[in-house]
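Next comes my_file-v9.txt, with compact mmCIF, C-alpha atoms (C1' of nucleotides).
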```
# COMPACT_ATOMS: atom_id res chain seq x y z
CA MET A 245 23.06 -38.95 -11.60
CA PRO A 246 26.54 -37.47 -11.99
CA ARG A 247 27.05 -33.76 -12.59
CA ILE A 248 26.70 -32.94 -16.26
CA GLN A 249 28.69 -29.76 -15.99
CA SER A 250 32.39 -30.28 -16.35
CA ARG A 251 34.32 -29.37 -13.27
CA PRO A 252 33.92 -25.71 -12.39
CA VAL A 253 36.60 -23.36 -13.61
CA ARG A 254 37.88 -22.59 -10.18
CA GLN A 255 37.52 -24.03 -6.74
CA ARG A 256 35.32 -22.28 -4.27
CA ASN A 257 37.30 -19.26 -3.29
CA ALA A 258 35.64 -15.98 -2.59
CA ALA A 259 38.71 -13.81 -3.11
CA ALA A 260 39.66 -15.42 -6.40
CA THR A 261 36.10 -15.26 -7.67
CA ARG A 262 35.80 -11.63 -6.74
CA ALA A 263 39.01 -10.86 -8.58
CA ALA A 264 37.81 -12.78 -11.63
CA ILE A 265 34.58 -10.82 -11.71
CA LEU A 266 36.47 -7.55 -11.42
CA GLN A 267 38.77 -8.47 -14.27
CA SER A 268 35.86 -9.51 -16.45
CA ALA A 269 34.11 -6.27 -15.59
CA ARG A 270 37.10 -4.14 -16.56
CA LYS A 271 37.30 -5.91 -19.89
CA ALA A 272 33.58 -5.67 -20.58
CA PHE A 273 33.30 -2.02 -19.55
CA ALA A 274 36.29 -1.13 -21.72
CA LYS A 275 34.67 -2.87 -24.66
CA SER A 276 31.08 -1.73 -24.30
CA GLY A 277 30.87 1.04 -21.73
CA TYR A 278 28.79 1.26 -18.60
CA ALA A 279 25.41 0.97 -20.23
CA GLY A 280 26.48 -1.48 -22.91
CA ALA A 281 28.01 -4.12 -20.69
CA GLY A 282 25.46 -6.37 -19.03
CA VAL A 283 25.80 -7.92 -15.62
CA ARG A 284 25.10 -11.36 -17.09
CA GLU A 285 27.84 -10.87 -19.66
CA ILE A 286 30.33 -9.81 -17.00
CA ALA A 287 29.35 -12.74 -14.81
CA GLY A 288 29.69 -15.15 -17.72
CA GLY A 289 33.20 -13.90 -18.42
CA ALA A 290 34.12 -14.89 -14.88
CA GLY A 291 32.37 -18.26 -15.09
CA VAL A 292 29.74 -17.22 -12.59
CA THR A 293 26.09 -16.22 -12.35
CA ALA A 294 24.78 -12.68 -12.52
CA MET A 295 23.46 -12.83 -9.01
CA LEU A 296 26.87 -13.41 -7.55
CA VAL A 297 28.06 -10.18 -9.03
CA ASN A 298 25.45 -8.25 -7.16
CA ARG A 299 26.09 -10.32 -4.09
CA TYR A 300 29.72 -9.29 -4.06
CA PHE A 301 29.49 -5.73 -5.30
CA GLY A 302 26.02 -4.63 -4.28
CA SER A 303 25.02 -3.16 -7.61
CA LYS A 304 26.27 -2.60 -11.11
CA GLU A 305 27.12 0.97 -10.27
CA ARG A 306 29.34 0.01 -7.38
CA LEU A 307 30.99 -2.66 -9.48
CA PHE A 308 31.68 -0.03 -12.10
CA ALA A 309 33.26 2.33 -9.62
CA GLU A 310 35.56 -0.38 -8.37
CA ALA A 311 36.47 -1.55 -11.86
CA VAL A 312 37.36 1.95 -13.01
CA ALA A 313 39.42 2.59 -9.92
CA GLU A 314 41.43 -0.55 -10.50
CA SER A 315 41.87 0.19 -14.19
CA MET A 316 43.23 3.62 -13.42
CA ALA A 317 45.52 2.32 -10.74
CA ARG A 318 47.01 -0.05 -13.31
CA THR A 319 47.59 2.70 -15.86
CA SER A 320 51.29 2.91 -15.49
CA VAL A 321 51.89 4.70 -18.75
CA LEU A 322 51.52 8.42 -18.84
CA GLY A 323 52.82 8.19 -15.36
CA PRO A 324 56.60 8.15 -15.73
CA GLU A 325 56.64 9.75 -19.17
CA ILE A 326 54.87 12.82 -17.93
CA THR A 327 55.77 13.11 -14.32
CA GLN A 328 59.50 12.66 -14.54
CA GLN A 329 61.61 15.76 -14.50
CA GLY A 330 62.62 17.07 -17.89
CA ALA A 331 60.02 15.03 -19.76
CA SER A 332 60.01 15.70 -23.47
CA GLY A 333 57.01 16.07 -25.73
CA ALA A 334 58.46 13.46 -28.05
CA ALA A 335 58.66 10.89 -25.26
CA ILE A 336 55.06 11.45 -24.25
CA ALA A 337 53.95 11.35 -27.88
CA ALA A 338 55.82 8.12 -28.49
CA ALA A 339 54.27 6.49 -25.45
CA LEU A 340 50.81 7.61 -26.45
CA VAL A 341 51.16 6.51 -30.05
CA GLY A 342 52.56 3.16 -29.03
CA ILE A 343 49.80 2.49 -26.59
CA THR A 344 46.98 3.33 -28.97
CA GLN A 345 47.91 0.78 -31.60
CA ALA A 346 45.02 -0.73 -33.45
CA HIS A 347 44.06 -3.74 -31.40
CA ASP A 348 45.98 -3.20 -28.27
CA THR A 349 44.13 -2.96 -24.97
CA PRO A 350 45.73 0.02 -23.41
CA LEU A 351 44.69 2.95 -21.34
CA GLU A 352 41.87 0.79 -20.16
CA GLY A 353 40.70 3.38 -17.69
CA PHE A 354 40.44 6.04 -20.35
CA GLN A 355 38.69 3.68 -22.68
CA ILE A 356 36.10 2.86 -20.07
CA MET A 357 35.56 6.53 -19.48
CA LEU A 358 35.23 7.31 -23.17
CA ARG A 359 32.70 4.58 -23.69
CA SER A 360 30.75 5.47 -20.58
CA ALA A 361 30.66 9.24 -20.76
CA SER A 362 27.07 9.15 -21.93
CA SER A 363 25.83 7.82 -18.62
CA ALA A 364 25.56 10.58 -16.05
CA ARG A 365 26.32 8.30 -13.15
CA ALA A 366 29.33 6.80 -14.87
CA ALA A 367 30.58 10.26 -15.79
CA ARG A 368 30.48 11.40 -12.19
CA ILE A 369 32.49 8.41 -11.07
CA ALA A 370 34.98 8.81 -13.89
CA ARG A 371 35.50 12.52 -13.24
CA LYS A 372 36.28 11.93 -9.62
CA LEU A 373 38.78 9.20 -10.37
CA ILE A 374 40.46 11.02 -13.25
CA GLU A 375 40.87 14.09 -11.17
CA GLU A 376 42.40 12.20 -8.28
CA HIS A 377 44.47 9.78 -10.29
CA HIS A 378 45.80 11.77 -13.21
CA GLN A 379 44.96 15.41 -13.23
CA GLN A 380 46.47 16.32 -9.92
CA ARG A 381 49.58 14.28 -10.47
CA ILE A 382 50.23 15.72 -13.91
CA ALA A 383 49.54 19.25 -12.75
CA THR A 384 52.08 18.84 -9.96
CA ALA A 385 54.65 17.44 -12.33
CA LEU A 386 54.13 20.23 -14.82
CA GLY A 387 54.44 23.00 -12.29
CA GLY A 388 54.57 26.64 -13.26
CA LYS A 389 51.67 28.86 -14.10
CA LEU A 390 48.30 27.47 -15.09
CA ALA A 391 49.53 23.98 -14.35
CA ALA A 392 46.01 22.73 -13.68
CA GLN A 393 44.68 24.00 -16.98
CA ARG A 394 47.66 22.71 -18.92
CA ALA A 395 47.19 19.32 -17.31
CA GLY A 396 43.52 19.40 -18.24
CA VAL A 397 44.28 20.19 -21.86
CA MET A 398 46.87 17.44 -21.87
CA LEU A 399 44.33 14.93 -20.65
CA ALA A 400 41.87 16.22 -23.24
CA LEU A 401 44.39 15.68 -26.01
CA ILE A 402 45.24 12.20 -24.80
CA ALA A 403 41.59 11.20 -24.49
CA GLY A 404 40.68 12.73 -27.83
CA PHE A 405 43.59 11.08 -29.56
CA GLN A 406 42.66 7.69 -28.24
CA LEU A 407 39.05 8.28 -29.20
CA MET A 408 39.82 9.29 -32.76
CA ARG A 409 42.61 6.83 -33.38
CA GLN A 410 41.44 3.73 -31.60
CA MET A 411 37.72 3.93 -31.20
CA LEU A 412 36.60 5.86 -34.24
CA GLU A 413 39.58 4.71 -36.28
CA LEU A 414 39.87 7.92 -38.20
CA PRO A 415 42.14 6.83 -41.07
CA ALA A 416 44.45 9.83 -40.81
CA LEU A 417 45.37 8.73 -37.30
CA ALA A 418 44.67 5.01 -37.30
CA GLN A 419 46.63 4.20 -40.46
CA ALA A 420 49.43 6.72 -40.20
CA ASP A 421 53.05 5.76 -39.64
CA PRO A 422 53.65 5.92 -35.88
CA ARG A 423 56.78 7.99 -36.40
CA THR A 424 54.79 10.53 -38.34
CA LEU A 425 52.31 10.83 -35.52
CA VAL A 426 55.07 11.32 -33.01
CA ARG A 427 56.49 14.07 -35.20
CA VAL A 428 53.14 15.87 -35.18
CA LEU A 429 52.26 15.27 -31.55
CA GLY A 430 55.66 15.89 -30.00
CA PRO A 431 55.76 19.67 -30.47
CA VAL A 432 52.19 19.96 -29.29
CA PHE A 433 53.04 18.29 -26.01
CA ASP A 434 56.14 20.44 -25.76
CA ARG A 435 53.92 23.49 -25.80
CA LEU A 436 52.02 22.16 -22.84
CA LEU A 437 55.14 21.18 -20.95
CA SER A 438 56.65 24.63 -21.09
CA ARG A 439 55.00 27.38 -19.10
CA PRO A 440 52.90 29.78 -21.17
CA ALA A 441 54.22 33.17 -22.25
CA MET B 88 -18.03 11.99 -27.42
CA PRO B 89 -15.66 14.80 -28.32
CA ARG B 90 -11.95 14.22 -28.69
CA ILE B 91 -10.29 14.21 -25.32
CA GLN B 92 -6.88 15.00 -26.71
CA SER B 93 -6.28 18.67 -27.16
CA ARG B 94 -5.68 19.63 -30.74
CA PRO B 95 -2.54 17.95 -32.09
CA VAL B 96 0.61 19.99 -31.99
CA ARG B 97 0.79 20.30 -35.71
CA GLN B 98 -1.49 19.74 -38.65
CA ARG B 99 -0.94 16.68 -40.75
CA ASN B 100 2.11 17.49 -42.72
CA ALA B 101 4.60 14.80 -43.57
CA ALA B 102 7.52 17.12 -44.22
CA ALA B 103 7.05 19.11 -41.01
CA THR B 104 6.60 15.97 -38.94
CA ARG B 105 9.70 14.42 -40.43
CA ALA B 106 11.68 17.53 -39.60
CA ALA B 107 10.31 17.55 -36.05
CA ILE B 108 11.36 13.95 -35.56
CA LEU B 109 14.82 14.68 -36.88
CA GLN B 110 15.25 17.63 -34.57
CA SER B 111 14.07 15.61 -31.59
CA ALA B 112 16.45 12.84 -32.58
CA ARG B 113 19.43 15.20 -32.77
CA LYS B 114 18.64 16.52 -29.33
CA ALA B 115 18.11 13.09 -27.81
CA PHE B 116 21.20 11.55 -29.38
CA ALA B 117 23.30 14.48 -28.21
CA LYS B 118 22.01 14.02 -24.71
CA SER B 119 22.10 10.25 -24.39
CA GLY B 120 24.00 8.76 -27.30
CA TYR B 121 22.90 6.17 -29.80
CA ALA B 122 22.19 3.38 -27.38
CA GLY B 123 20.85 5.60 -24.65
CA ALA B 124 18.21 7.43 -26.64
CA GLY B 125 15.06 5.40 -27.19
CA VAL B 126 12.83 5.55 -30.21
CA ARG B 127 9.81 6.22 -28.01
CA GLU B 128 11.59 9.11 -26.32
CA ILE B 129 12.54 10.62 -29.66
CA ALA B 130 9.02 10.19 -30.96
CA GLY B 131 7.56 11.76 -27.85
CA GLY B 132 9.78 14.79 -28.26
CA ALA B 133 8.23 15.31 -31.67
CA GLY B 134 4.69 14.73 -30.45
CA VAL B 135 4.38 11.49 -32.35
CA THR B 136 4.32 7.72 -31.87
CA ALA B 137 7.34 5.48 -32.03
CA MET B 138 6.02 3.65 -35.03
CA LEU B 139 5.97 6.75 -37.14
CA VAL B 140 9.68 7.18 -36.60
CA ASN B 141 10.36 3.80 -38.10
CA ARG B 142 7.83 4.46 -40.82
CA TYR B 143 9.70 7.56 -41.93
CA PHE B 144 13.27 6.50 -41.34
CA GLY B 145 13.18 2.73 -41.68
CA SER B 146 15.12 1.97 -38.53
CA LYS B 147 16.82 3.60 -35.60
CA GLU B 148 20.17 3.17 -37.29
CA ARG B 149 19.12 5.03 -40.40
CA LEU B 150 17.55 7.75 -38.30
CA PHE B 151 20.84 8.09 -36.46
CA ALA B 152 22.82 8.44 -39.67
CA GLU B 153 20.52 11.17 -40.92
CA ALA B 154 20.52 12.99 -37.57
CA VAL B 155 24.30 13.00 -37.35
CA ALA B 156 24.63 14.18 -40.92
CA GLU B 157 22.33 17.11 -40.28
CA SER B 158 24.06 17.99 -37.02
CA MET B 159 27.40 18.11 -38.74
CA ALA B 160 26.08 20.14 -41.60
CA ARG B 161 24.86 22.72 -39.08
CA THR B 162 28.21 22.94 -37.31
CA SER B 163 29.23 26.30 -38.59
CA VAL B 164 31.90 26.90 -36.00
CA LEU B 165 35.29 25.41 -36.56
CA GLY B 166 34.47 26.04 -40.16
CA PRO B 167 35.44 29.69 -40.72
CA GLU B 168 37.85 29.90 -37.79
CA ILE B 169 39.95 27.07 -39.11
CA THR B 170 39.52 27.15 -42.83
CA GLN B 171 40.10 30.82 -43.46
CA GLN B 172 43.51 31.92 -44.61
CA GLY B 173 45.80 33.10 -41.87
CA ALA B 174 43.74 31.58 -39.09
CA SER B 175 45.28 32.05 -35.67
CA GLY B 176 45.45 29.57 -32.85
CA ALA B 177 43.97 32.16 -30.51
CA ALA B 178 40.91 32.58 -32.73
CA ILE B 179 40.30 28.85 -32.86
CA ALA B 180 40.84 28.52 -29.15
CA ALA B 181 38.44 31.37 -28.41
CA ALA B 182 35.77 29.83 -30.60
CA LEU B 183 36.21 26.43 -28.98
CA VAL B 184 36.19 27.77 -25.44
CA GLY B 185 33.13 29.90 -26.13
CA ILE B 186 31.21 27.06 -27.62
CA THR B 187 31.91 24.61 -24.80
CA GLN B 188 30.43 26.73 -22.04
CA ALA B 189 28.77 24.81 -19.28
CA HIS B 190 25.20 24.46 -20.38
CA ASP B 191 25.39 25.50 -23.97
CA THR B 192 24.31 23.05 -26.66
CA PRO B 193 27.09 23.33 -29.11
CA LEU B 194 29.08 21.14 -31.37
CA GLU B 195 26.09 18.90 -31.43
CA GLY B 196 27.61 16.58 -33.98
CA PHE B 197 30.69 16.05 -31.87
CA GLN B 198 28.64 15.53 -28.79
CA ILE B 199 26.57 12.86 -30.48
CA MET B 200 29.73 11.15 -31.58
CA LEU B 201 31.30 11.29 -28.14
CA ARG B 202 28.25 9.81 -26.53
CA SER B 203 27.81 7.15 -29.19
CA ALA B 204 31.35 5.96 -29.76
CA SER B 205 30.73 2.87 -27.70
CA SER B 206 28.30 1.45 -30.22
CA ALA B 207 30.14 -0.13 -33.13
CA ARG B 208 27.46 0.72 -35.66
CA ALA B 209 27.23 4.30 -34.49
CA ALA B 210 31.01 4.63 -34.57
CA ARG B 211 31.16 3.52 -38.19
CA ILE B 212 28.57 6.08 -39.19
CA ALA B 213 30.25 8.84 -37.20
CA ARG B 214 33.69 8.11 -38.63
CA LYS B 215 32.44 8.34 -42.16
CA LEU B 216 30.68 11.63 -41.57
CA ILE B 217 33.50 13.21 -39.60
CA GLU B 218 35.96 12.29 -42.24
CA GLU B 219 33.85 13.73 -45.01
CA HIS B 220 32.62 16.77 -43.16
CA HIS B 221 35.52 17.98 -41.08
CA GLN B 222 38.72 16.09 -41.53
CA GLN B 223 39.12 16.61 -45.23
CA ARG B 224 38.12 20.26 -45.11
CA ILE B 225 40.48 21.08 -42.28
CA ALA B 226 43.33 19.17 -43.89
CA THR B 227 42.87 21.13 -47.09
CA ALA B 228 42.78 24.40 -45.22
CA LEU B 229 45.90 23.56 -43.26
CA GLY B 230 47.94 22.57 -46.28
CA GLY B 231 51.62 21.75 -46.07
CA LYS B 232 53.16 18.51 -44.94
CA LEU B 233 51.28 15.97 -42.88
CA ALA B 234 48.14 18.05 -43.24
CA ALA B 235 45.92 14.99 -42.76
CA GLN B 236 47.62 13.98 -39.53
CA ARG B 237 47.66 17.53 -38.19
CA ALA B 238 43.94 17.81 -38.97
CA GLY B 239 43.34 14.53 -37.17
CA VAL B 240 45.18 15.68 -34.08
CA MET B 241 43.27 18.93 -34.21
CA LEU B 242 39.98 17.08 -34.24
CA ALA B 243 41.22 14.89 -31.41
CA LEU B 244 42.05 17.93 -29.31
CA ILE B 245 38.69 19.54 -30.02
CA ALA B 246 36.77 16.38 -29.20
CA GLY B 247 38.82 15.68 -26.10
CA PHE B 248 38.45 19.22 -24.88
CA GLN B 249 34.72 19.11 -25.26
CA LEU B 250 34.62 15.74 -23.53
CA MET B 251 36.66 16.84 -20.54
CA ARG B 252 35.21 20.30 -20.19
CA GLN B 253 31.58 19.82 -21.00
CA MET B 254 30.72 16.19 -20.48
CA LEU B 255 33.01 15.13 -17.68
CA GLU B 256 33.20 18.65 -16.28
CA LEU B 257 36.75 18.31 -15.12
CA PRO B 258 37.03 21.29 -12.78
CA ALA B 259 40.34 22.53 -14.16
CA LEU B 260 38.65 23.06 -17.52
CA ALA B 261 35.00 23.52 -16.63
CA GLN B 262 35.52 26.21 -13.99
CA ALA B 263 38.51 28.01 -15.43
CA ASP B 264 38.38 31.59 -16.68
CA PRO B 265 37.72 31.40 -20.43
CA ARG B 266 40.57 33.81 -21.13
CA THR B 267 42.93 31.54 -19.27
CA LEU B 268 41.89 28.60 -21.37
CA VAL B 269 42.41 30.57 -24.55
CA ARG B 270 45.87 31.48 -23.36
CA VAL B 271 46.70 27.80 -22.86
CA LEU B 272 45.01 26.47 -25.97
CA GLY B 273 46.04 29.16 -28.43
CA PRO B 274 49.71 28.23 -28.71
CA VAL B 275 48.81 24.57 -28.99
CA PHE B 276 46.62 25.24 -32.00
CA ASP B 277 49.34 27.46 -33.43
CA ARG B 278 51.66 24.48 -33.39
CA LEU B 279 49.20 22.51 -35.47
CA LEU B 280 48.58 25.38 -37.87
CA SER B 281 52.21 25.79 -38.77
CA ARG B 282 53.86 23.02 -40.73
CA PRO B 283 56.12 20.74 -38.70
CA ALA B 284 59.87 21.19 -38.63
C1' DG C 21 -20.69 16.01 -49.61
C1' DC C 22 -18.28 11.90 -50.70
C1' DT C 23 -14.41 9.25 -51.39
C1' DA C 24 -9.44 7.92 -52.04
C1' DT C 25 -5.25 8.22 -49.91
C1' DA C 26 -1.86 9.79 -47.10
C1' DA C 27 -0.80 10.53 -42.04
C1' DG C 28 -0.75 8.65 -37.76
C1' DT C 29 -1.96 5.34 -33.85
C1' DC C 30 -2.87 0.74 -31.27
C1' DT C 31 -1.69 -3.58 -29.78
C1' DA C 32 1.63 -6.84 -29.54
C1' DC C 33 5.82 -9.71 -29.89
C1' DG C 34 10.28 -11.54 -28.63
C1' DG C 35 14.12 -10.38 -26.22
C1' DG C 36 17.21 -8.11 -22.89
C1' DT C 37 17.93 -5.38 -18.55
C1' DG C 38 19.15 -4.94 -13.26
C1' DT C 39 17.74 -6.77 -9.14
C1' DA C 40 15.58 -9.81 -5.28
C1' DG C 41 14.66 -13.95 -2.35
C1' DA C 42 14.63 -18.78 -1.92
C1' DC C 43 17.18 -22.47 -2.75
C1' DC C 44 21.16 -25.76 -3.41
C1' DT C 45 25.99 -27.63 -2.62
C1' DG C 46 30.52 -28.63 -1.63
C1' DA C 47 34.59 -28.02 1.37
C1' DG C 48 36.48 -28.08 6.15
C1' DC C 49 36.15 -29.26 10.89
C1' DG C 50 34.85 -31.91 15.06
C1' DC D 176 31.28 -39.97 9.19
C1' DG D 177 28.14 -36.07 9.67
C1' DC D 178 27.16 -31.28 10.19
C1' DT D 179 27.59 -26.30 9.21
C1' DC D 180 27.95 -22.44 6.72
C1' DA D 181 30.08 -19.82 3.15
C1' DG D 182 30.02 -19.91 -1.87
C1' DG D 183 26.82 -20.17 -5.89
C1' DT D 184 22.76 -20.96 -8.53
C1' DC D 185 17.56 -20.91 -9.97
C1' DT D 186 13.44 -18.73 -10.83
C1' DA D 187 11.13 -14.70 -11.16
C1' DC D 188 9.72 -9.85 -11.41
C1' DA D 189 8.86 -5.50 -13.46
C1' DC D 190 10.49 -2.73 -16.89
C1' DC D 191 12.41 -1.11 -21.31
C1' DC D 192 13.93 -1.91 -26.00
C1' DG D 193 13.27 -1.95 -31.50
C1' DT D 194 10.14 -3.48 -34.66
C1' DA D 195 5.81 -5.27 -37.24
C1' DG D 196 1.00 -5.45 -39.12
C1' DA D 197 -3.60 -4.03 -38.70
C1' DC D 198 -6.23 -0.31 -37.79
C1' DT D 199 -8.16 4.58 -37.54
C1' DT D 200 -8.50 9.38 -38.88
C1' DA D 201 -7.99 13.69 -41.21
C1' DT D 202 -7.13 16.01 -45.45
C1' DA D 203 -7.50 17.11 -50.61
C1' DG D 204 -9.82 16.55 -55.04
C1' DC D 205 -13.99 15.82 -57.64
```

Conversion result in structure tokens:
Amino acid sequence: MPRIQSRPVRQRNAAATRAAILQSARKAFAKSGYAGAGVREIAGGAGVTAMLVNRYFGSKERLFAEAVAESMARTSVLGPEITQQGASGAAIAAALVGITQAHDTPLEGFQIMLRSASSARAARIARKLIEEHHQQRIATALGGKLAAQRAGVMLALIAGFQLMRQMLELPALAQADPRTLVRVLGPVFDRLLSRPA
Amino acid sequence: MPRIQSRPVRQRNAAATRAAILQSARKAFAKSGYAGAGVREIAGGAGVTAMLVNRYFGSKERLFAEAVAESMARTSVLGPEITQQGASGAAIAAALVGITQAHDTPLEGFQIMLRSASSARAARIARKLIEEHHQQRIATALGGKLAAQRAGVMLALIAGFQLMRQMLELPALAQADPRTLVRVLGPVFDRLLSRPA
DNA sequence: GCTATAAGTCTACGGGTGTAGACCTGAGCG
DNA sequence: CGCTCAGGTCTACACCCGTAGACTTATAGC
């Protein structure tokens, strides 16, 4: 009896399969958070069985850690805009507003974190990675007094803005003219860029 | 055979039991989010069976809506500080920093929202209540141009700050001297209080 | 004191979860 | 061609979830 299943999506290739699982995991975690995304769902997205996920990554928790790490490593935005010398609040605001458009899939790492903050284990992983990936780099770029705290507030504003605009879809932010938002956000970021009085 | 159970926590009283369930629900949702808090756990916290929860509130979703509404109604802070005439950024910042201390249980409504944003149904409920409870009131108090957007950004900053400081415990915010944080946050809020250029 | 009725519990269902071990299978090499 | 072993799957377990209907128990009025 011939195989009923149509030819498998991909030839047997451990590396490619692993990558496919990781990509599916990033997508699923960004959409549903740590607790909300199921291993079977992630596996299905990669055309694979749930067991293989655990076989490759050991456990859901370890898979999560790896997925978040990769998502953050890919977050190119809010890198250059913030860390370059002489960055302007308007430039940061414009980048942030652009990247939090309604149905875009941006700031994946942040999104995963926002949707997973309720799980204690996920929160611990996310804190570690945010600190290493973003906080320290931004603080260094900011320089001056209280750089660490200013960087922290900056990250808080970015995360909160994405939460309210993209996840909660608060009308005042989700439906506003992007230029208007930049006009409001720009000066706020400027305050954080300049050293405090 | 005498009753093994020690005397029930509370005499039969529908109103009191309902209130106890609601309080337990607020606490549980704030701790674990919509998806993370189980009906049995909520019921147990009120000294009651899971079925009674559904009997009184119809479903978990309706219980959630009522719990969030009550939590927001009790959020007194960020009421006076923001809505009074001549509010200062420093006053708002001080209130926010004070209320997001490490193991305090503050801004319960916001916390529930942050931990529940991953669930689509919970997000819809939270958006509606935030808009009605906070956004509109703050926007009115702010006045001037782009009041709605400025209020939205303000809420984003508050939510993000609580997320990073209290839930993720980012060291730069969680372990900083409160006065330092006020010094960083105050001018930022001032920017949002004054109408844009 | 007895009864009607509200207050609360018990048992159960169907489904979904992460994980584990045994099993199958197809590609590459001798 | 035939064998080997890495790449994948199947079945299953123990647990938790939200919800439903039937049942029990305590309280209030006569």

Residues within 8 Å of segment 180-182 of chain D, all atoms listed in the file, excluding chain neighbours under 4 positions, as a short mmCIF file (atom, residue, chain, number, x, y, z; two decimals) with C-alpha atoms, in the coordinates of the input:
```cif
data_model
loop_
_atom_site.label_atom_id
_atom_site.label_comp_id
_atom_site.auth_asym_id
_atom_site.auth_seq_id
_atom_site.Cartn_x
_atom_site.Cartn_y
_atom_site.Cartn_z
CA ARG A 256 35.32 -22.28 -4.27
CA ASN A 257 37.30 -19.26 -3.29
CA ALA A 258 35.64 -15.98 -2.59
#
```

Closest atom pairs, residues of chain D within 8 Å of chain B, only C-alpha atoms (C1' of nucleotides), as a Markdown table:
```
| residue | atom | partner | partner_atom | distance |
| --- | --- | --- | --- | --- |
| D:DC192 | C1' | B:Gly125 | CA | 7.5 |
| D:DG193 | C1' | B:Val126 | CA | 7.6 |
| D:DA201 | C1' | B:Arg99 | CA | 7.7 |
| D:DT202 | C1' | B:Arg99 | CA | 7.8 |
```

With 9 Å as the cut-off and all atoms listed in the file counted, what is the closest atom pair between each nearby residue of chain C and chain A? Distances in Å to one decimal, ordered by chain and number, as CSV.
```
residue,atom,partner,partner_atom,distance
C:DT37,C1',A:Gly282,CA,7.6
C:DG38,C1',A:Val283,CA,7.7
C:DT39,C1',A:Asn298,CA,8.1
C:DG46,C1',A:Arg256,CA,8.4
C:DA47,C1',A:Arg256,CA,8.1
```

Could you write those residues out with C-alpha atoms (C1' of nucleotides), as an mmCIF file, keeping the file's coordinate frame?
```cif
data_model
loop_
_atom_site.group_PDB
_atom_site.id
_atom_site.type_symbol
_atom_site.label_atom_id
_atom_site.label_comp_id
_atom_site.auth_asym_id
_atom_site.auth_seq_id
_atom_site.Cartn_x
_atom_site.Cartn_y
_atom_site.Cartn_z
ATOM 1 C "C1'" DT C 37 17.930 -5.380 -18.550
ATOM 2 C "C1'" DG C 38 19.150 -4.940 -13.260
ATOM 3 C "C1'" DT C 39 17.740 -6.770 -9.140
ATOM 4 C "C1'" DG C 46 30.520 -28.630 -1.630
ATOM 5 C "C1'" DA C 47 34.590 -28.020 1.370
#
```

Margin query: Please check the contacts: residues of chain B at most 7 Å away from chain A, using all atoms listed in the file, listed as a list in words.
Written below: Ser119, Gly120, Arg202, Ala204, Ser205, Ala210, Arg214, Ala235, Gln236, Arg237, Gly239, Val240, Ala243, Leu244, Ala246, Gly247, Phe248, Met251, Met254, Leu255, Leu257, Ala259, Leu260, Leu268, Val271, Pro274, Val275, Arg278 and Pro283 of chain B

Selected residues written out with C-alpha atoms, as a PDB file, keeping the file's coordinate frame:
```
ATOM      1  CA  SER B 119      22.100  10.250 -24.390  1.00  0.00           C
ATOM      2  CA  GLY B 120      24.000   8.760 -27.300  1.00  0.00           C
ATOM      3  CA  ARG B 202      28.250   9.810 -26.530  1.00  0.00           C
ATOM      4  CA  ALA B 204      31.350   5.960 -29.760  1.00  0.00           C
ATOM      5  CA  SER B 205      30.730   2.870 -27.700  1.00  0.00           C
ATOM      6  CA  ALA B 210      31.010   4.630 -34.570  1.00  0.00           C
ATOM      7  CA  ARG B 214      33.690   8.110 -38.630  1.00  0.00           C
ATOM      8  CA  ALA B 235      45.920  14.990 -42.760  1.00  0.00           C
ATOM      9  CA  GLN B 236      47.620  13.980 -39.530  1.00  0.00           C
ATOM     10  CA  ARG B 237      47.660  17.530 -38.190  1.00  0.00           C
ATOM     11  CA  GLY B 239      43.340  14.530 -37.170  1.00  0.00           C
ATOM     12  CA  VAL B 240      45.180  15.680 -34.080  1.00  0.00           C
ATOM     13  CA  ALA B 243      41.220  14.890 -31.410  1.00  0.00           C
ATOM     14  CA  LEU B 244      42.050  17.930 -29.310  1.00  0.00           C
ATOM     15  CA  ALA B 246      36.770  16.380 -29.200  1.00  0.00           C
ATOM     16  CA  GLY B 247      38.820  15.680 -26.100  1.00  0.00           C
ATOM     17  CA  PHE B 248      38.450  19.220 -24.880  1.00  0.00           C
ATOM     18  CA  MET B 251      36.660  16.840 -20.540  1.00  0.00           C
ATOM     19  CA  MET B 254      30.720  16.190 -20.480  1.00  0.00           C
ATOM     20  CA  LEU B 255      33.010  15.130 -17.680  1.00  0.00           C
ATOM     21  CA  LEU B 257      36.750  18.310 -15.120  1.00  0.00           C
ATOM     22  CA  ALA B 259      40.340  22.530 -14.160  1.00  0.00           C
ATOM     23  CA  LEU B 260      38.650  23.060 -17.520  1.00  0.00           C
ATOM     24  CA  LEU B 268      41.890  28.600 -21.370  1.00  0.00           C
ATOM     25  CA  VAL B 271      46.700  27.800 -22.860  1.00  0.00           C
ATOM     26  CA  PRO B 274      49.710  28.230 -28.710  1.00  0.00           C
ATOM     27  CA  VAL B 275      48.810  24.570 -28.990  1.00  0.00           C
ATOM     28  CA  ARG B 278      51.660  24.480 -33.390  1.00  0.00           C
ATOM     29  CA  PRO B 283      56.120  20.740 -38.700  1.00  0.00           C
TER      30      PRO B 283
END
```

Margin query: Report, in Å with one decimal, the straight-line distance from atom CA of Glu153 of chain B to atom CA of Pro193 of chain B.
Written below: 18.2 Å

Next item on the list: Have a look at atom CA of Arg224 of chain B and atom CA of Glu157 of chain B and let me know their distance in Å, one decimal.
Entry: 16.8 Å

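Straight-line separation from atom C1' of DT199 of chain D to atom CA of Ile108 of chain B: 21.7 Å.
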